Each structure stands twice: as structure tokens, then as C-alpha cells.
Amino acid sequence: MASLRSFFAGRGFLEVDTPIRQPVLIPERYIEPLRSEGAYLQTSPELCMKRLLASGCAKIFQICPCFRKNEQGRRHLEEFTMLEWYHSGESYLKLMADCEELLRFVQQQFILQSDLHGYTRSFFAGFDFESAWERLTVESAFQKYSPCSVKEALADNSFDEILVEYVEPELGKKTPTFLLNYPLELGSLAKAKATEPDTVERFELYLGGIELANGFSELTDAAEQRLRFEEEIVDIKRTWGQDITMPDVFLRDIENIKVAAGIALGVDRLFMLALGAEDIADVVSFSPADLV
């Protein structure tokens with residue numbers, strides 16, 4: 001935590017603190033929230049952090065707990081720690097550069113602490129952060145590793161299944177991989193590419209076959225964002241049977257953001273990869289099993 005904060009403080013970012021419990025969330029069909037007495041526990045601090053951007057903050061970050069219903073497994077917890085940061089006036093290209101600097105910085109800090117305290121453990125063993133990081137488009141990744149095309153996977157709703165089974169295990173084996181330029185259908189909050197309107201400026205960072213971060217150039221057109229949210233809300237109602245409120249105040253505020261980029265990184269997963277652990281429950285202070 002100290003290393004992460006030191007990285008951002010040294011680059012002029014303001015650390016912010018936003019409410020964990022909120023009456024309205026950003027509607028996302030693939031993320032189910034946990035209810036809390038008529039409100040929701042945040043799935044991400046994104047909504048409030050973007051409102052801070054709209055109010056004039058230029059470079060902000062936050063480390064906070066987030067909650068997602070039914071997220072359980074070796075790489076998932078219903079309660080987990082998220083790092084998010086946002087730049088005004090930047091695109092997803094800047095975020096990728098940030099990721100490279102951040103992981104190298106964290107690795108160096110681990111090594112420094114090891115030397116100071118006489119630890120013998122190696123960190124991020126088997127990974128090479130110094131060589132050029134791979135950048136692979138979603139289209140190219142499916143051509144290379146998938147039994148079907150992206151278009152076919154989207155048509156039969158098998159994109160996530162194909163991605164997890166065939167594509168993800170091949171990503172970030174030694175050097176980290178940026179999987180970038182997602183189909184428009186899979187980037188409801190991301191800006192479309194000017195030269196490819198069916199593709200959005202979104203990437204995910206992979207290390208050892210594990211998704212570590214998700215970043216994109218922000219969609220700041222409120223009318224377009226509302227249309228995308230309407231589609232999300234229909235799917236949420238169909239999938240979960242829940243009525244989700246349109247975040248009207250958020251939509252009003254993003255009109256004040258001209259150009260920006262933001263990213264979310266899983267802190268627990270980062271620590272798991274640093275230690276070479278196989279289960280995310282092994283790197284948190286208390287896993288769900290420890291509480292009963």
C-alpha cells in the first residue's frame with residue numbers, strides 16, 4: 001500500500017476518498033452489486049471519481065474496498081481492494097505507460113524492502129518487466145488463440161467463455177500483455193476509436209494469464225452514454241430481475257469532462273502475483289473462510 005501511494009504522490013496525483021455505500025450505481029450487465037439497506041455497496045469508485053474529474057480535479061487516485069456479488073474463486077472475492085486512477089486530458093495510451101512504470105516501481109520497492117529486512121523471497125518471479133510489453137488487439141488475440149472469430153463469439157454470446165478458456169491463459173506468460181481495442185459492445189463506458197467506430201479505446205492488462213487491470217479512454221458524451229446505459233439496464237433486468245436506476249446526476253456531470261482516461265487495478269491480484277500465490281485468499285488478511 002505504501003509503494004502504491006508513493007508512486008502516485010510522486011507523480012502529482014491527489015488521493016481521494018469517496019462513499020462506499022451509494023444509492024445509485026453505474027449500470028453494468030456483467031457486474032452484480034451487493035445491496036445495503038436500500039442502497040448498494042460500490043462495485044467501483046468510478047462514478048464518484050469521475051464526478052470529481054468533472055468538478056475540476058485533474059489527476060486523482062484511490063485505494064478502497066469494492067464489492068461484487070457472487071464473485072468467488074481462486075482469483076475472485078466478493079470484497080476486494082481496488083486501485084483506481086484518472087487523468088484529465090489523456091487517453092488510454094497514457095494509462096498503459098502508467099502501468100509499466102507502476103509495476104516496475106512496485107517490484108523495485110519489494111526488492112528494496114527485502115534487502116533492508118533480510119528477506120529471501122523473490123517477487124514477481126518468472127516475469128520480465130524490463131523487456132517490451134506485448135500489445136495485442138482483441139481481434140488479433142482471437143485469431144491467434146481462439147477456435148472462432150470475435151464476431152462469431154459475440155453473435156452466440158460465447159465471448160467471455162472463449163476469452164477465459166482459450167485466450168487468457170496465453171497472455172502475459174513472461175512479459176505483461178495489454179489486450180486492447182475491444183468491440184463496442186464490450187466497452188459501455190469507453191470512447192469509440194475515431195478510425196474504428198465499432199471498437200473502443202479500452203485495454204486489459206494481463207500477467208500470468210490473470211487479468212490485473214481494466215482501463216479506457218472515457219466516454220464523455222452524455223447522450224451517447226445514456227443510450228448505452230439504457231441497453232445495460234435492459235440486460236440487467238433480464239439477467240438479475242433487478243430494476244437499476246439511471247445515474248442522472250453522473251450523466252449531467254460528465255458533460256464537464258472534455259477528455260479523460262481512467263483505470264481500475266486489482267490490488268489483491270497484484271499482491272498474489274508478486275508472491276506467486278495460487279489463491280487470492282492466501283494474500284488477504286482475512287478470507288471469507290477465516291471469518292466463520
# chains A, B, ... in the order shown; residues from 1 in each chain; ligands from 1
>>> residues_around(residues="Ser88 in chain A", least_positions_apart="3", cutoff="8 Å", atoms="only C-alpha atoms", output="ChimeraX atom specification")
/A:53,57-59,257-261
>>> write_last_selection(atoms="C-alpha atoms", output="PDB file, in the first residue's frame")
ATOM      1  CA  LEU A  53     -12.915  14.983 -12.526  1.00  0.00           C
ATOM      2  CA  CYS A  57      -9.690  17.556 -10.317  1.00  0.00           C
ATOM      3  CA  ALA A  58      -7.051  16.683 -12.901  1.00  0.00           C
ATOM      4  CA  LYS A  59      -5.102  13.669 -11.564  1.00  0.00           C
ATOM      5  CA  ILE A 257     -15.260  16.362 -18.719  1.00  0.00           C
ATOM      6  CA  LYS A 258     -13.710  17.051 -22.092  1.00  0.00           C
ATOM      7  CA  VAL A 259     -11.032  14.351 -22.410  1.00  0.00           C
ATOM      8  CA  ALA A 260     -10.000  11.841 -19.735  1.00  0.00           C
ATOM      9  CA  ALA A 261      -8.835   8.295 -19.096  1.00  0.00           C
TER      10      ALA A 261
END
>>> residues_around(residues="Thr199 in chain A", least_positions_apart="6", cutoff="9 Å", atoms="only C-alpha atoms", output="list in words")
Asn181, Tyr182, Pro183, Leu184, Glu185, Leu186, Gly187, Lys191, Ala192 and Lys193 of chain A
>>> write_last_selection(atoms="C-alpha atoms", output="PDB file, in the first residue's frame")
ATOM      1  CA  ASN A 181      -9.245  -2.299 -28.675  1.00  0.00           C
ATOM      2  CA  TYR A 182     -12.366  -4.131 -27.532  1.00  0.00           C
ATOM      3  CA  PRO A 183     -15.598  -4.372 -29.558  1.00  0.00           C
ATOM      4  CA  LEU A 184     -18.031  -1.530 -28.885  1.00  0.00           C
ATOM      5  CA  GLU A 185     -20.454  -3.964 -27.206  1.00  0.00           C
ATOM      6  CA  LEU A 186     -17.862  -4.648 -24.502  1.00  0.00           C
ATOM      7  CA  GLY A 187     -16.996  -1.083 -23.552  1.00  0.00           C
ATOM      8  CA  LYS A 191     -14.762   6.141 -26.047  1.00  0.00           C
ATOM      9  CA  ALA A 192     -15.034   4.715 -29.567  1.00  0.00           C
ATOM     10  CA  LYS A 193     -11.928   4.873 -31.763  1.00  0.00           C
TER      11      LYS A 193
END
>>> select_by_dssp(residues="range 203-269 of chain A", states="strand (DSSP E)", output="PDB file with C-alpha atoms, in the first residue's frame")
ATOM      1  CA  PHE A 203      -7.476  -2.405 -22.695  1.00  0.00           C
ATOM      2  CA  GLU A 204      -6.962  -5.038 -20.041  1.00  0.00           C
ATOM      3  CA  LEU A 205      -3.559  -5.787 -18.530  1.00  0.00           C
ATOM      4  CA  TYR A 206      -2.639  -9.473 -18.123  1.00  0.00           C
ATOM      5  CA  LEU A 207       0.131 -11.107 -16.148  1.00  0.00           C
ATOM      6  CA  ILE A 210      -4.599 -13.225 -14.940  1.00  0.00           C
ATOM      7  CA  GLU A 211      -6.459 -10.019 -15.684  1.00  0.00           C
ATOM      8  CA  LEU A 212      -4.885  -7.361 -13.490  1.00  0.00           C
ATOM      9  CA  ALA A 213      -6.345  -4.064 -14.705  1.00  0.00           C
ATOM     10  CA  ASN A 214      -9.009  -2.585 -16.964  1.00  0.00           C
ATOM     11  CA  GLY A 215      -8.587   0.892 -18.439  1.00  0.00           C
ATOM     12  CA  PHE A 216     -10.035   3.070 -21.165  1.00  0.00           C
ATOM     13  CA  SER A 217     -10.420   6.498 -22.680  1.00  0.00           C
ATOM     14  CA  ALA A 260     -10.000  11.841 -19.735  1.00  0.00           C
ATOM     15  CA  ALA A 261      -8.835   8.295 -19.096  1.00  0.00           C
ATOM     16  CA  GLY A 262      -9.294   6.009 -16.113  1.00  0.00           C
ATOM     17  CA  ILE A 263      -8.269   2.565 -14.928  1.00  0.00           C
ATOM     18  CA  ALA A 264      -9.041   0.044 -12.186  1.00  0.00           C
ATOM     19  CA  LEU A 265      -6.387  -2.372 -10.896  1.00  0.00           C
ATOM     20  CA  GLY A 266      -6.959  -5.263  -8.504  1.00  0.00           C
TER      21      GLY A 266
END
>>> closest_residue(among="A:Ile244, A:Val167, A:Leu93, A:Gln143", to="Arg35 in chain A", atoms="only C-alpha atoms")
A:Ile244
>>> atom_distance(atom1="CA of Thr81 in chain A", atom2="CA of Phe178 in chain A")
21.5 Å
>>> select_by_dssp(residues="range 124-217 of chain A", states="helix (DSSP H, G or I)", output="list in words")
Val138, Glu139, Ser140, Ala141, Phe142, Gln143, Lys144, Tyr145, Val150, Lys151, Glu152, Ala153, Leu154, Ala155, Phe159, Asp160, Glu161, Ile162, Leu163, Val164, Glu165, Tyr166, Val167, Glu168, Pro169, Glu170, Leu184, Glu185 and Leu186 of chain A
>>> write_last_selection(atoms="C-alpha atoms", output="PDB file, in the first residue's frame")
ATOM      1  CA  VAL A 138      -8.665  -8.409 -29.202  1.00  0.00           C
ATOM      2  CA  GLU A 139      -9.142  -9.230 -32.886  1.00  0.00           C
ATOM      3  CA  SER A 140      -5.556 -10.491 -33.192  1.00  0.00           C
ATOM      4  CA  ALA A 141      -5.745 -12.461 -29.942  1.00  0.00           C
ATOM      5  CA  PHE A 142      -8.848 -14.320 -31.129  1.00  0.00           C
ATOM      6  CA  GLN A 143      -7.226 -15.018 -34.497  1.00  0.00           C
ATOM      7  CA  LYS A 144      -4.180 -16.389 -32.705  1.00  0.00           C
ATOM      8  CA  TYR A 145      -5.685 -18.401 -29.850  1.00  0.00           C
ATOM      9  CA  VAL A 150     -14.576 -12.253 -32.244  1.00  0.00           C
ATOM     10  CA  LYS A 151     -17.627 -11.670 -34.432  1.00  0.00           C
ATOM     11  CA  GLU A 152     -18.768 -15.277 -34.029  1.00  0.00           C
ATOM     12  CA  ALA A 153     -18.161 -15.216 -30.264  1.00  0.00           C
ATOM     13  CA  LEU A 154     -20.247 -12.058 -29.881  1.00  0.00           C
ATOM     14  CA  ALA A 155     -23.028 -13.468 -32.064  1.00  0.00           C
ATOM     15  CA  PHE A 159     -17.086 -14.187 -25.910  1.00  0.00           C
ATOM     16  CA  ASP A 160     -16.357 -14.412 -22.166  1.00  0.00           C
ATOM     17  CA  GLU A 161     -16.215 -18.209 -22.222  1.00  0.00           C
ATOM     18  CA  ILE A 162     -13.816 -18.257 -25.190  1.00  0.00           C
ATOM     19  CA  LEU A 163     -11.702 -15.488 -23.675  1.00  0.00           C
ATOM     20  CA  VAL A 164     -11.294 -17.321 -20.353  1.00  0.00           C
ATOM     21  CA  GLU A 165     -10.720 -20.786 -21.809  1.00  0.00           C
ATOM     22  CA  TYR A 166      -8.536 -20.096 -24.840  1.00  0.00           C
ATOM     23  CA  VAL A 167      -7.155 -16.557 -24.830  1.00  0.00           C
ATOM     24  CA  GLU A 168      -6.383 -15.511 -21.259  1.00  0.00           C
ATOM     25  CA  PRO A 169      -4.088 -18.472 -20.436  1.00  0.00           C
ATOM     26  CA  GLU A 170      -1.789 -17.355 -23.273  1.00  0.00           C
ATOM     27  CA  LEU A 184     -18.031  -1.530 -28.885  1.00  0.00           C
ATOM     28  CA  GLU A 185     -20.454  -3.964 -27.206  1.00  0.00           C
ATOM     29  CA  LEU A 186     -17.862  -4.648 -24.502  1.00  0.00           C
TER      30      LEU A 186
END
>>> residues_around(residues="Leu83 in chain A", least_positions_apart="3", cutoff="10 Å", atoms="only C-alpha atoms", output="PyMOL selection string")
chain A and resi 1+4-5+44-45+61-66+213+263-268
>>> write_last_selection(atoms="N, CA and C atoms", output="mmCIF file, in the first residue's frame")
data_model
loop_
_atom_site.group_PDB
_atom_site.id
_atom_site.type_symbol
_atom_site.label_atom_id
_atom_site.label_comp_id
_atom_site.auth_asym_id
_atom_site.auth_seq_id
_atom_site.Cartn_x
_atom_site.Cartn_y
_atom_site.Cartn_z
ATOM 1 N N MET A 1 0.836 -1.202 0.000
ATOM 2 C CA MET A 1 0.000 0.000 0.000
ATOM 3 C C MET A 1 0.875 1.257 0.000
ATOM 4 N N LEU A 4 2.313 1.827 -3.508
ATOM 5 C CA LEU A 4 1.328 2.358 -4.440
ATOM 6 C C LEU A 4 1.102 3.845 -4.193
ATOM 7 N N ARG A 5 0.928 4.202 -2.939
ATOM 8 C CA ARG A 5 0.694 5.613 -2.611
ATOM 9 C C ARG A 5 1.912 6.468 -2.961
ATOM 10 N N SER A 44 -17.267 -0.260 -7.670
ATOM 11 C CA SER A 44 -16.094 0.508 -8.077
ATOM 12 C C SER A 44 -16.327 1.944 -7.636
ATOM 13 N N PRO A 45 -15.260 2.705 -7.365
ATOM 14 C CA PRO A 45 -15.438 4.126 -7.040
ATOM 15 C C PRO A 45 -15.580 5.005 -8.281
ATOM 16 N N PHE A 61 -6.330 9.502 -7.544
ATOM 17 C CA PHE A 61 -6.290 8.059 -7.347
ATOM 18 C C PHE A 61 -6.974 7.713 -6.036
ATOM 19 N N GLN A 62 -7.334 6.451 -5.907
ATOM 20 C CA GLN A 62 -7.982 5.964 -4.690
ATOM 21 C C GLN A 62 -7.696 4.476 -4.524
ATOM 22 N N ILE A 63 -7.478 4.060 -3.291
ATOM 23 C CA ILE A 63 -7.369 2.647 -2.927
ATOM 24 C C ILE A 63 -8.503 2.379 -1.956
ATOM 25 N N CYS A 64 -9.400 1.456 -2.306
ATOM 26 C CA CYS A 64 -10.613 1.306 -1.500
ATOM 27 C C CYS A 64 -11.207 -0.091 -1.632
ATOM 28 N N PRO A 65 -12.071 -0.478 -0.676
ATOM 29 C CA PRO A 65 -12.783 -1.752 -0.807
ATOM 30 C C PRO A 65 -13.908 -1.645 -1.821
ATOM 31 N N CYS A 66 -14.106 -2.712 -2.578
ATOM 32 C CA CYS A 66 -15.215 -2.816 -3.526
ATOM 33 C C CYS A 66 -15.909 -4.153 -3.316
ATOM 34 N N ALA A 213 -5.809 -5.422 -14.643
ATOM 35 C CA ALA A 213 -6.345 -4.064 -14.705
ATOM 36 C C ALA A 213 -7.195 -3.881 -15.955
ATOM 37 N N ILE A 263 -8.627 3.980 -15.005
ATOM 38 C CA ILE A 263 -8.269 2.565 -14.928
ATOM 39 C C ILE A 263 -8.508 2.023 -13.530
ATOM 40 N N ALA A 264 -8.877 0.755 -13.454
ATOM 41 C CA ALA A 264 -9.041 0.044 -12.186
ATOM 42 C C ALA A 264 -8.084 -1.139 -12.161
ATOM 43 N N LEU A 265 -7.357 -1.288 -11.055
ATOM 44 C CA LEU A 265 -6.387 -2.372 -10.896
ATOM 45 C C LEU A 265 -6.671 -3.120 -9.601
ATOM 46 N N GLY A 266 -6.693 -4.446 -9.674
ATOM 47 C CA GLY A 266 -6.959 -5.263 -8.504
ATOM 48 C C GLY A 266 -5.724 -5.394 -7.622
ATOM 49 N N VAL A 267 -5.760 -4.778 -6.446
ATOM 50 C CA VAL A 267 -4.601 -4.775 -5.553
ATOM 51 C C VAL A 267 -4.312 -6.173 -5.018
ATOM 52 N N ASP A 268 -5.343 -6.916 -4.652
ATOM 53 C CA ASP A 268 -5.141 -8.271 -4.129
ATOM 54 C C ASP A 268 -4.512 -9.175 -5.185
#
>>> residues_around(residues="Gln108 in chain A", least_positions_apart="3", cutoff="12 Å", atoms="only C-alpha atoms", output="list of chain:residue names")
A:Ser3, A:Leu4, A:Phe7, A:Glu101, A:Leu102, A:Leu103, A:Arg104, A:Phe105, A:Ile111, A:Leu112, A:Gln113, A:Ser114, A:Asp115, A:Ser122, A:Phe123, A:Phe124, A:Phe129, A:Glu130, A:Ala274
>>> atom_distance(atom1="CA of Glu71 in chain A", atom2="CA of Leu179 in chain A")
22.3 Å
>>> closest_residue(among="A:Asp156, A:Glu255, A:Asp279, A:Glu28", to="Arg68 in chain A", atoms="only C-alpha atoms")
A:Glu28
>>> closest_atom_pairs(of="range 25-121 of chain A", to="range 234-239 of chain A", cutoff="9 Å", atoms="only C-alpha atoms", output="CSV")
residue,atom,partner,partner_atom,distance
A:Pro27,CA,A:Ile236,CA,7.8
A:Glu28,CA,A:Ile236,CA,7.5
A:Arg29,CA,A:Ile236,CA,5.1
A:Tyr30,CA,A:Ile236,CA,8.3
A:Glu32,CA,A:Ile236,CA,8.6
>>> closest_residue(among="A:Gly118, A:Pro147, A:Arg21, A:Ala2", to="Gly38 in chain A", atoms="only C-alpha atoms")
A:Arg21
>>> closest_residue(among="A:Gln42, A:Ser91, A:Thr177, A:Asn256", to="Arg135 in chain A", atoms="only C-alpha atoms")
A:Thr177
>>> residues_around(residues="Arg269 in chain A", least_positions_apart="4", cutoff="8 Å", atoms="only C-alpha atoms", output="list in words")
Arg75, Leu212, Leu273 and Ile280 of chain A
>>> closest_residue(among="A:Leu136, A:Ala277, A:Leu14, A:Ala222", to="Leu52 in chain A", atoms="only C-alpha atoms")
A:Leu14
>>> closest_residue(among="A:Met96, A:Lys50, A:Ser158, A:Lys174", to="Leu219 in chain A", atoms="only C-alpha atoms")
A:Lys50
